[in-house]
>>> print(open('coords11.cif').read())   # mmCIF, C-alpha atoms
data_data
loop_
_atom_site.group_PDB
_atom_site.id
_atom_site.type_symbol
_atom_site.label_atom_id
_atom_site.label_comp_id
_atom_site.auth_asym_id
_atom_site.auth_seq_id
_atom_site.Cartn_x
_atom_site.Cartn_y
_atom_site.Cartn_z
ATOM 1 C CA MET A 12 -52.883 -110.178 -64.307
ATOM 2 C CA SER A 13 -52.056 -111.226 -60.726
ATOM 3 C CA ASP A 14 -54.242 -113.084 -58.260
ATOM 4 C CA ARG A 15 -53.752 -110.179 -55.647
ATOM 5 C CA ASP A 16 -55.986 -107.278 -56.316
ATOM 6 C CA GLU A 17 -54.058 -104.054 -56.077
ATOM 7 C CA THR A 18 -55.923 -101.154 -54.586
ATOM 8 C CA PRO A 19 -54.844 -97.922 -56.062
ATOM 9 C CA THR A 20 -53.290 -95.421 -53.554
ATOM 10 C CA PRO A 21 -55.158 -92.150 -53.399
ATOM 11 C CA LYS A 22 -53.202 -89.061 -54.333
ATOM 12 C CA PRO A 23 -52.931 -86.296 -51.837
ATOM 13 C CA ASN A 24 -55.471 -83.540 -52.204
ATOM 14 C CA LYS A 25 -53.985 -80.166 -52.989
ATOM 15 C CA GLY A 26 -56.752 -78.276 -51.415
ATOM 16 C CA GLY A 27 -59.318 -78.115 -54.057
ATOM 17 C CA ALA A 28 -62.470 -76.230 -53.504
ATOM 18 C CA GLY A 29 -64.630 -79.174 -53.298
ATOM 19 C CA ASP A 30 -62.404 -81.229 -50.979
ATOM 20 C CA ASP A 31 -63.807 -81.705 -47.438
ATOM 21 C CA THR A 32 -61.461 -84.431 -46.254
ATOM 22 C CA PRO A 33 -60.411 -83.790 -42.561
ATOM 23 C CA THR A 34 -56.912 -85.023 -43.037
ATOM 24 C CA THR A 35 -56.223 -82.552 -45.731
ATOM 25 C CA ARG A 36 -57.634 -79.404 -43.982
ATOM 26 C CA LEU A 37 -55.082 -76.761 -42.725
ATOM 27 C CA ARG A 38 -55.573 -75.866 -39.016
ATOM 28 C CA ARG A 39 -54.738 -72.408 -37.684
ATOM 29 C CA GLU A 40 -55.013 -71.699 -33.908
ATOM 30 C CA LEU A 41 -54.574 -68.524 -31.803
ATOM 31 C CA PRO A 42 -51.544 -68.319 -29.414
ATOM 32 C CA GLN A 43 -52.171 -69.488 -25.898
ATOM 33 C CA GLU A 44 -53.406 -66.718 -23.578
ATOM 34 C CA VAL A 45 -51.047 -65.646 -20.814
ATOM 35 C CA PRO A 46 -52.675 -65.375 -17.355
ATOM 36 C CA PRO A 47 -52.894 -61.817 -15.966
ATOM 37 C CA THR A 48 -50.850 -62.746 -12.913
ATOM 38 C CA ALA A 49 -47.868 -63.484 -15.107
ATOM 39 C CA LEU A 50 -47.567 -59.777 -16.196
ATOM 40 C CA LYS A 51 -45.308 -57.550 -13.980
ATOM 41 C CA LYS A 52 -43.671 -54.185 -14.049
ATOM 42 C CA PRO A 53 -39.933 -53.817 -14.551
ATOM 43 C CA GLY A 54 -38.108 -54.445 -11.290
ATOM 44 C CA GLU A 55 -41.232 -55.749 -9.546
ATOM 45 C CA VAL A 56 -41.037 -59.072 -7.783
ATOM 46 C CA PRO A 57 -44.002 -61.403 -8.341
ATOM 47 C CA GLN A 58 -46.272 -62.105 -5.407
ATOM 48 C CA ASP A 59 -45.348 -65.755 -5.179
ATOM 49 C CA GLU A 60 -41.640 -64.802 -5.088
ATOM 50 C CA LYS A 61 -42.323 -62.169 -2.417
ATOM 51 C CA ASN A 62 -43.738 -64.813 -0.155
ATOM 52 C CA LYS A 63 -40.442 -66.655 -0.452
ATOM 53 C CA LEU A 64 -38.277 -63.586 0.668
ATOM 54 C CA THR A 65 -36.993 -63.201 4.219
ATOM 55 C CA GLY A 66 -37.730 -60.131 6.406
ATOM 56 C CA ARG A 67 -34.266 -58.606 5.847
ATOM 57 C CA GLN A 68 -34.637 -58.955 2.089
ATOM 58 C CA ARG A 69 -38.051 -57.310 2.211
ATOM 59 C CA LEU A 70 -36.568 -54.411 4.265
ATOM 60 C CA ALA A 71 -33.764 -53.978 1.734
ATOM 61 C CA GLN A 72 -36.241 -53.946 -1.137
ATOM 62 C CA GLY A 73 -38.324 -51.322 0.708
ATOM 63 C CA LEU A 74 -35.345 -49.062 1.256
ATOM 64 C CA TRP A 75 -33.766 -49.350 -2.155
ATOM 65 C CA PRO A 76 -34.158 -47.736 -4.528
ATOM 66 C CA PRO A 77 -34.821 -44.692 -2.282
ATOM 67 C CA ARG A 78 -37.872 -42.545 -2.889
ATOM 68 C CA PHE A 79 -37.628 -39.049 -1.269
ATOM 69 C CA THR A 80 -40.003 -36.136 -1.236
ATOM 70 C CA ARG A 81 -38.982 -32.473 -0.943
ATOM 71 C CA ALA A 82 -40.097 -32.276 2.682
ATOM 72 C CA GLN A 83 -38.060 -35.360 3.559
ATOM 73 C CA LEU A 84 -34.956 -33.834 1.985
ATOM 74 C CA ILE A 85 -35.353 -30.630 4.039
ATOM 75 C CA VAL A 86 -35.792 -32.602 7.256
ATOM 76 C CA ALA A 87 -32.732 -34.685 6.394
ATOM 77 C CA LEU A 88 -30.608 -31.551 5.918
ATOM 78 C CA LEU A 89 -31.778 -30.127 9.234
ATOM 79 C CA LEU A 90 -30.992 -33.356 11.025
ATOM 80 C CA PHE A 91 -27.548 -33.416 9.408
ATOM 81 C CA GLY A 92 -26.803 -29.902 10.638
ATOM 82 C CA LEU A 93 -27.979 -30.759 14.148
ATOM 83 C CA GLY A 94 -25.836 -33.870 14.226
ATOM 84 C CA PHE A 95 -22.792 -31.962 12.993
ATOM 85 C CA GLY A 96 -23.187 -29.388 15.761
ATOM 86 C CA LEU A 97 -23.542 -32.094 18.397
ATOM 87 C CA ALA A 98 -20.406 -33.790 17.098
ATOM 88 C CA ILE A 99 -18.404 -30.566 17.446
ATOM 89 C CA GLN A 100 -19.730 -30.038 20.973
ATOM 90 C CA VAL A 101 -18.793 -33.550 21.974
ATOM 91 C CA ALA A 102 -15.317 -33.135 20.483
ATOM 92 C CA SER A 103 -14.759 -29.917 22.457
ATOM 93 C CA ASN A 104 -15.914 -31.569 25.658
ATOM 94 C CA ASN A 105 -13.504 -34.433 25.062
ATOM 95 C CA ASP A 106 -10.574 -31.972 25.341
ATOM 96 C CA ASP A 107 -11.151 -31.717 29.083
ATOM 97 C CA GLY A 108 -11.254 -35.455 29.265
ATOM 98 C CA ALA A 109 -7.647 -35.562 28.085
ATOM 99 C CA LEU A 110 -6.569 -33.863 31.314
ATOM 100 C CA ARG A 111 -8.545 -36.346 33.396
ATOM 101 C CA GLY A 112 -6.671 -39.211 31.811
ATOM 102 C CA ALA A 113 -3.231 -37.550 32.023
ATOM 103 C CA ARG A 114 -0.534 -38.833 34.303
ATOM 104 C CA GLN A 115 0.524 -37.031 37.459
ATOM 105 C CA GLU A 116 3.865 -36.001 35.930
ATOM 106 C CA ASP A 117 2.066 -34.486 32.927
ATOM 107 C CA LEU A 118 -0.295 -32.562 35.167
ATOM 108 C CA VAL A 119 2.620 -31.184 37.192
ATOM 109 C CA ARG A 120 4.395 -30.108 34.004
ATOM 110 C CA ILE A 121 1.257 -28.384 32.684
ATOM 111 C CA LEU A 122 0.799 -26.611 36.020
ATOM 112 C CA ASP A 123 4.424 -25.401 35.970
ATOM 113 C CA GLU A 124 3.976 -24.058 32.449
ATOM 114 C CA LEU A 125 0.849 -22.183 33.514
ATOM 115 C CA ASP A 126 2.685 -20.703 36.493
ATOM 116 C CA ASP A 127 5.557 -19.561 34.264
ATOM 117 C CA ARG A 128 3.131 -17.993 31.802
ATOM 118 C CA THR A 129 1.299 -16.219 34.609
ATOM 119 C CA GLN A 130 4.606 -14.881 35.917
ATOM 120 C CA ARG A 131 5.573 -13.560 32.481
ATOM 121 C CA LEU A 132 2.187 -11.861 32.097
ATOM 122 C CA GLU A 133 2.553 -10.247 35.521
ATOM 123 C CA GLU A 134 5.992 -8.927 34.567
ATOM 124 C CA GLU A 135 4.627 -7.527 31.302
ATOM 125 C CA LYS A 136 1.761 -5.920 33.192
ATOM 126 C CA GLN A 137 4.153 -4.296 35.664
ATOM 127 C CA GLY A 138 6.317 -3.016 32.816
ATOM 128 C CA LEU A 139 3.315 -1.497 31.076
ATOM 129 C CA GLU A 140 2.170 0.146 34.306
ATOM 130 C CA ASP A 141 5.650 1.632 34.799
ATOM 131 C CA GLN A 142 5.572 3.012 31.248
ATOM 132 C CA ARG A 143 2.135 4.488 31.848
ATOM 133 C CA THR A 144 3.315 6.146 35.071
ATOM 134 C CA GLU A 145 6.355 7.558 33.293
ATOM 135 C CA LEU A 146 4.204 8.850 30.449
ATOM 136 C CA GLU A 147 1.738 10.407 32.880
ATOM 137 C CA ASN A 148 4.550 12.146 34.753
ATOM 138 C CA SER A 149 6.073 13.305 31.496
ATOM 139 C CA SER A 150 2.686 14.519 30.329
ATOM 140 C CA ASP A 151 2.132 16.355 33.602
ATOM 141 C CA GLN A 152 5.539 17.990 33.371
ATOM 142 C CA ALA A 153 4.973 18.934 29.760
ATOM 143 C CA GLU A 154 1.511 20.288 30.565
ATOM 144 C CA GLU A 155 2.855 22.264 33.511
ATOM 145 C CA ALA A 156 5.647 23.655 31.359
ATOM 146 C CA ARG A 157 3.120 24.585 28.696
ATOM 147 C CA LYS A 158 0.941 26.344 31.283
ATOM 148 C CA GLN A 159 3.916 28.243 32.635
ATOM 149 C CA THR A 160 4.907 29.252 29.123
ATOM 150 C CA VAL A 161 1.407 30.504 28.368
ATOM 151 C CA GLU A 162 1.285 32.414 31.653
ATOM 152 C CA LYS A 163 4.715 33.934 31.051
ATOM 153 C CA GLU A 164 3.670 34.942 27.546
ATOM 154 C CA ARG A 165 0.541 36.592 28.928
ATOM 155 C CA GLN A 166 2.521 38.519 31.518
ATOM 156 C CA LEU A 167 5.033 39.699 28.960
ATOM 157 C CA GLY A 168 2.182 40.631 26.628
ATOM 158 C CA ILE A 169 0.640 42.788 29.362
ATOM 159 C CA LEU A 170 3.935 44.544 30.026
ATOM 160 C CA ALA A 171 4.544 45.033 26.311
ATOM 161 C CA GLY A 172 0.980 46.241 25.775
ATOM 162 C CA THR A 173 0.212 43.612 23.109
ATOM 163 C CA VAL A 174 -2.683 41.986 25.024
ATOM 164 C CA ALA A 175 -5.610 43.425 26.948
ATOM 165 C CA ALA A 176 -5.731 43.191 30.723
ATOM 166 C CA GLN A 177 -8.273 43.511 33.483
ATOM 167 C CA GLY A 178 -8.211 43.497 37.254
ATOM 168 C CA PRO A 179 -8.601 45.674 40.326
ATOM 169 C CA GLY A 180 -7.096 49.152 40.336
ATOM 170 C CA ILE A 181 -7.894 52.837 40.250
ATOM 171 C CA THR A 182 -8.974 55.566 37.859
ATOM 172 C CA LEU A 183 -7.167 58.927 37.956
ATOM 173 C CA THR A 184 -8.930 61.874 36.338
ATOM 174 C CA ILE A 185 -7.182 65.258 35.875
ATOM 175 C CA ASP A 186 -9.388 68.149 34.745
ATOM 176 C CA ASP A 187 -7.131 71.002 33.576
ATOM 177 C CA THR A 188 -9.460 73.957 32.916
ATOM 178 C CA LYS A 189 -6.650 76.484 33.132
ATOM 179 C CA GLY A 190 -4.302 74.632 30.756
ATOM 180 C CA THR A 191 -1.464 74.683 33.232
ATOM 181 C CA VAL A 192 -0.739 70.950 33.335
ATOM 182 C CA GLU A 193 2.331 69.978 31.357
ATOM 183 C CA ALA A 194 3.723 66.693 30.056
ATOM 184 C CA ASP A 195 6.318 66.305 32.810
ATOM 185 C CA MET A 196 3.541 66.387 35.435
ATOM 186 C CA LEU A 197 1.757 63.511 33.758
ATOM 187 C CA LEU A 198 5.049 61.659 33.421
ATOM 188 C CA ASP A 199 5.607 62.080 37.179
ATOM 189 C CA ALA A 200 2.184 60.534 37.786
ATOM 190 C CA ILE A 201 3.071 57.546 35.579
ATOM 191 C CA GLN A 202 6.398 57.050 37.371
ATOM 192 C CA GLU A 203 4.714 57.226 40.774
ATOM 193 C CA LEU A 204 2.129 54.647 39.749
ATOM 194 C CA ARG A 205 4.805 52.273 38.438
ATOM 195 C CA ALA A 206 6.735 52.602 41.657
ATOM 196 C CA ALA A 207 3.566 51.714 43.597
ATOM 197 C CA GLY A 208 3.146 48.497 41.638
ATOM 198 C CA ALA A 209 0.986 49.403 38.641
ATOM 199 C CA GLU A 210 0.946 46.527 36.110
ATOM 200 C CA ALA A 211 -0.963 48.140 33.231
ATOM 201 C CA ILE A 212 -1.640 51.804 32.499
ATOM 202 C CA GLN A 213 -3.742 53.459 29.823
ATOM 203 C CA VAL A 214 -3.992 57.242 29.279
ATOM 204 C CA ASN A 215 -6.857 58.529 27.119
ATOM 205 C CA GLY A 216 -6.819 55.413 24.923
ATOM 206 C CA VAL A 217 -3.028 55.156 24.629
ATOM 207 C CA ARG A 218 -1.279 52.169 26.191
ATOM 208 C CA VAL A 219 1.679 53.080 28.375
ATOM 209 C CA VAL A 220 4.694 50.775 28.044
ATOM 210 C CA SER A 221 8.338 50.861 29.097
ATOM 211 C CA GLY A 222 9.354 53.038 26.160
ATOM 212 C CA THR A 223 6.485 55.525 26.423
ATOM 213 C CA TYR A 224 7.372 59.204 26.177
ATOM 214 C CA LEU A 225 5.305 62.405 26.662
ATOM 215 C CA THR A 226 5.852 65.724 24.886
ATOM 216 C CA ASP A 227 4.381 69.215 25.032
ATOM 217 C CA SER A 228 3.144 71.025 21.924
ATOM 218 C CA ASP A 229 1.343 74.257 21.132
ATOM 219 C CA ASP A 230 -2.012 72.540 21.018
ATOM 220 C CA GLY A 231 -1.636 70.101 23.949
ATOM 221 C CA ILE A 232 0.224 67.037 25.175
ATOM 222 C CA SER A 233 1.195 63.979 23.131
ATOM 223 C CA VAL A 234 1.827 60.419 24.380
ATOM 224 C CA ASP A 235 4.071 58.442 22.044
ATOM 225 C CA GLY A 236 3.140 60.898 19.305
ATOM 226 C CA ASN A 237 -0.632 60.585 19.971
ATOM 227 C CA LYS A 238 -2.279 63.866 21.000
ATOM 228 C CA ILE A 239 -4.466 63.715 24.106
ATOM 229 C CA THR A 240 -6.831 66.366 25.443
ATOM 230 C CA GLN A 241 -8.150 67.143 28.884
ATOM 231 C CA PRO A 242 -9.594 65.787 30.976
ATOM 232 C CA PHE A 243 -6.759 63.302 31.222
ATOM 233 C CA ARG A 244 -8.013 59.897 32.332
ATOM 234 C CA PHE A 245 -5.672 57.207 33.684
ATOM 235 C CA LYS A 246 -6.803 53.575 33.930
ATOM 236 C CA VAL A 247 -4.421 51.715 36.205
ATOM 237 C CA ILE A 248 -4.422 48.008 37.164
ATOM 238 C CA GLY A 249 -2.771 47.146 40.443
ATOM 239 C CA ASN A 250 -3.400 46.977 44.168
ATOM 240 C CA PRO A 251 -5.713 49.922 44.967
ATOM 241 C CA GLN A 252 -4.461 50.058 48.554
ATOM 242 C CA ASP A 253 -0.960 50.790 47.260
ATOM 243 C CA LEU A 254 -1.774 52.977 44.268
ATOM 244 C CA GLU A 255 -4.086 55.519 45.881
ATOM 245 C CA PRO A 256 -1.825 56.358 48.875
ATOM 246 C CA ALA A 257 1.147 56.705 46.537
ATOM 247 C CA LEU A 258 -0.660 59.532 44.687
ATOM 248 C CA ASN A 259 -1.880 61.283 47.836
ATOM 249 C CA ILE A 260 1.390 61.432 49.760
ATOM 250 C CA PRO A 261 2.359 64.926 50.942
ATOM 251 C CA GLY A 262 4.113 66.765 48.132
ATOM 252 C CA GLY A 263 3.107 64.036 45.723
ATOM 253 C CA VAL A 264 1.249 64.012 42.403
ATOM 254 C CA VAL A 265 -2.165 65.165 43.674
ATOM 255 C CA GLN A 266 -0.834 68.165 45.631
ATOM 256 C CA THR A 267 1.416 69.224 42.751
ATOM 257 C CA LEU A 268 -1.483 69.178 40.260
ATOM 258 C CA GLU A 269 -3.836 70.963 42.642
ATOM 259 C CA LYS A 270 -1.259 73.764 42.987
ATOM 260 C CA GLU A 271 -1.613 74.216 39.234
ATOM 261 C CA GLN A 272 -5.369 74.693 39.817
ATOM 262 C CA ALA A 273 -6.229 71.306 38.299
ATOM 263 C CA THR A 274 -8.964 69.110 39.694
ATOM 264 C CA VAL A 275 -7.754 65.585 40.560
ATOM 265 C CA THR A 276 -10.050 62.638 41.317
ATOM 266 C CA VAL A 277 -8.859 59.181 42.412
ATOM 267 C CA ARG A 278 -11.359 56.304 42.620
ATOM 268 C CA ARG A 279 -10.857 52.681 43.450
ATOM 269 C CA ALA A 280 -12.508 49.922 41.415
ATOM 270 C CA ASP A 281 -12.728 46.138 41.636
ATOM 271 C CA LYS A 282 -12.424 45.812 37.874
ATOM 272 C CA ILE A 283 -10.407 48.000 35.570
ATOM 273 C CA VAL A 284 -10.181 47.121 31.873
ATOM 274 C CA VAL A 285 -7.108 48.218 29.949
ATOM 275 C CA ASP A 286 -7.891 47.365 26.329
ATOM 276 C CA ALA A 287 -5.641 49.764 24.397
ATOM 277 C CA LEU A 288 -3.072 47.669 22.507
ATOM 278 C CA ARG A 289 0.336 48.283 21.011
ATOM 279 C CA ALA A 290 1.485 46.511 17.889
ATOM 280 C CA PRO A 291 4.422 44.181 18.641
ATOM 281 C CA LYS A 292 7.669 45.611 17.361
ATOM 282 C CA ARG A 293 10.496 43.379 16.267
ATOM 283 C CA PRO A 294 13.905 44.599 17.356
ATOM 284 C CA ASP A 295 16.310 45.488 14.600
ATOM 285 C CA TYR A 296 19.471 44.040 16.139
ATOM 286 C CA ALA A 297 18.660 42.125 19.323
ATOM 287 C CA ARG A 298 18.093 38.389 19.035
ATOM 288 C CA SER A 299 17.273 35.731 21.607
ATOM 289 C CA SER A 300 20.350 34.022 23.064
ATOM 290 C CA SER A 301 18.449 30.903 24.246
ATOM 291 C CA ARG A 302 18.985 27.687 22.282
#
>>> encode(input="coords11.cif", output="structure tokens")
Amino acid sequence: MSDRDETPTPKPNKGGAGDDTPTTRLRRELPQEVPPTALKKPGEVPQDEKNKLTGRQRLAQGLWPPRFTRAQLIVALLLFGLGFGLAIQVASNNDDGALRGARQEDLVRILDELDDRTQRLEEEKQGLEDQRTELENSSDQAEEARKQTVEKERQLGILAGTVAAQGPGITLTIDDTKGTVEADMLLDAIQELRAAGAEAIQVNGVRVVSGTYLTDSDDGISVDGNKITQPFRFKVIGNPQDLEPALNIPGGVVQTLEKEQATVTVRRADKIVVDALRAPKRPDYARSSSR
């Protein structure tokens, strides 16, 4: 056995139930608490870092990211439209400014071009006025020709008995109570009236035309095959001052009829209506030679 006393080394304690040695106790601690100021939202700059930013950086952070409301968007659109209109107005006003900055030679050239254009427009205007005058004259001539044609057609219609007529004239009434008046006496009266200028004649509802004929029959007188009875009434359009004296001349129509014991009455009138019409007849062989 040695002179040095050996002290036995204690064995580590494995955590028995009855072991209270401090060196062998397991220590468990909670994690260190984080101060509330250290928490921040995503994208948010801490207060201490904000104090270190410059004014321009703070302005940029306030403007971006942008945060718009509906009202702000509407106002922005209105302002955009107003600015666009002002830009167009300014651009149109700048066109006049181009002339102010032009050289004298350019201004003279522009003025010459305007004078030439004005001259061309004046020539076109004069040409159009000449065409209008020509058309008006042509229209007047055509209208006058049309009026003359219509008037000529009316006159021919009156002579042919295809249209009615009215105007001043006379009425001739022959009352044959004895039955002594014959067709040739009435034909003499028609011829005398035509010679005095009668333009339209109607006898008892029968229109007298250039081809009218009168015939005697056992039961009276016929005009163009239409029987007429007394009293015989003539409606005549013409100048009354010429027609009435032509019937009353010595040995004329009135004296001849009165010798046959007929009563003759002649009256003037401002308006005589001859409304008996003849159907137009187309000639069988004659044709117009005008082309």
>>> residues_around(input="coords11.cif", residues="Ser221 in chain A", least_positions_apart="4", cutoff="10 Å", atoms="only C-alpha atoms", output="mmCIF file with C-alpha atoms, in the coordinates of the input")
data_model
loop_
_atom_site.group_PDB
_atom_site.id
_atom_site.type_symbol
_atom_site.label_atom_id
_atom_site.label_comp_id
_atom_site.auth_asym_id
_atom_site.auth_seq_id
_atom_site.Cartn_x
_atom_site.Cartn_y
_atom_site.Cartn_z
ATOM 1 C CA LEU A 170 3.935 44.544 30.026
ATOM 2 C CA ALA A 171 4.544 45.033 26.311
ATOM 3 C CA GLY A 172 0.980 46.241 25.775
#
>>> atom_distance(input="coords11.cif", atom1="CA of Gln266 in chain A", atom2="CA of Ala206 in chain A")
17.8 Å
>>> resolve_selection(input="coords11.cif", expression="the PyMOL selection byres ((chain A and resi 185) around 6)", output="list in words")
Thr184, Asp186, Pro242, Phe243, Thr274 and Val275 of chain A
>>> closest_atom_pairs(input="coords11.cif", of="range 183-263 of chain A", to="range 277-283 of chain A", cutoff="10 Å", atoms="only C-alpha atoms", output="JSON lines")
{"residue": "A:Leu183", "atom": "CA", "partner": "A:Val277", "partner_atom": "CA", "distance": 4.8}
{"residue": "A:Thr184", "atom": "CA", "partner": "A:Val277", "partner_atom": "CA", "distance": 6.6}
{"residue": "A:Ile185", "atom": "CA", "partner": "A:Val277", "partner_atom": "CA", "distance": 9.1}
{"residue": "A:Ala211", "atom": "CA", "partner": "A:Ile283", "partner_atom": "CA", "distance": 9.7}
{"residue": "A:Phe245", "atom": "CA", "partner": "A:Val277", "partner_atom": "CA", "distance": 9.5}
{"residue": "A:Lys246", "atom": "CA", "partner": "A:Ile283", "partner_atom": "CA", "distance": 6.8}
{"residue": "A:Val247", "atom": "CA", "partner": "A:Ile283", "partner_atom": "CA", "distance": 7.1}
{"residue": "A:Ile248", "atom": "CA", "partner": "A:Ile283", "partner_atom": "CA", "distance": 6.2}
{"residue": "A:Gly249", "atom": "CA", "partner": "A:Ile283", "partner_atom": "CA", "distance": 9.1}
{"residue": "A:Asn250", "atom": "CA", "partner": "A:Arg279", "partner_atom": "CA", "distance": 9.4}
{"residue": "A:Pro251", "atom": "CA", "partner": "A:Arg279", "partner_atom": "CA", "distance": 6.0}
{"residue": "A:Gln252", "atom": "CA", "partner": "A:Arg279", "partner_atom": "CA", "distance": 8.6}
{"residue": "A:Leu254", "atom": "CA", "partner": "A:Arg279", "partner_atom": "CA", "distance": 9.1}
{"residue": "A:Glu255", "atom": "CA", "partner": "A:Val277", "partner_atom": "CA", "distance": 6.9}
{"residue": "A:Pro256", "atom": "CA", "partner": "A:Val277", "partner_atom": "CA", "distance": 10.0}
{"residue": "A:Leu258", "atom": "CA", "partner": "A:Val277", "partner_atom": "CA", "distance": 8.5}
{"residue": "A:Asn259", "atom": "CA", "partner": "A:Val277", "partner_atom": "CA", "distance": 9.1}
>>> atom_distance(input="coords11.cif", atom1="CA of Lys136 in chain A", atom2="CA of Arg120 in chain A")
24.3 Å
>>> atom_distance(input="coords11.cif", atom1="CA of Thr144 in chain A", atom2="CA of Gln130 in chain A")
21.1 Å
>>> closest_residue(input="coords11.cif", among="A:Ile260, A:Val234, A:Ala176, A:Val220", to="Glu203 in chain A", atoms="all atoms listed in the file")
A:Ile260
>>> closest_residue(input="coords11.cif", among="A:Thr173, A:Ser228, A:Asn215, A:Gln83", to="Ala290 in chain A", atoms="all atoms listed in the file")
A:Thr173
>>> closest_residue(input="coords11.cif", among="A:Ala209, A:Leu118, A:Ile232, A:Leu97", to="Leu197 in chain A", atoms="only C-alpha atoms")
A:Ile232
>>> resolve_selection(input="coords11.cif", expression="the PyMOL selection byres ((chain A and resi 191) around 12)", output="list in words")
Ile185, Asp186, Asp187, Thr188, Lys189, Gly190, Val192, Glu193, Ala194, Asp195, Met196, Leu197, Asp227, Gly231, Ile232, Gln241, Thr267, Leu268, Glu269, Lys270, Glu271, Gln272, Ala273 and Thr274 of chain A
>>> closest_residue(input="coords11.cif", among="A:Arg289, A:Arg81, A:Arg205, A:Arg128", to="Asp235 in chain A", atoms="only C-alpha atoms")
A:Arg289
>>> axis_aligned_box(input="coords11.cif", around="range 203-219 of chain A", padding_each_side="5 Å", output="lines of an AutoDock Vina configuration file")
center_x = -0.1
center_y = 52.5
center_z = 34.1
size_x = 23.6
size_y = 22.0
size_z = 29.0
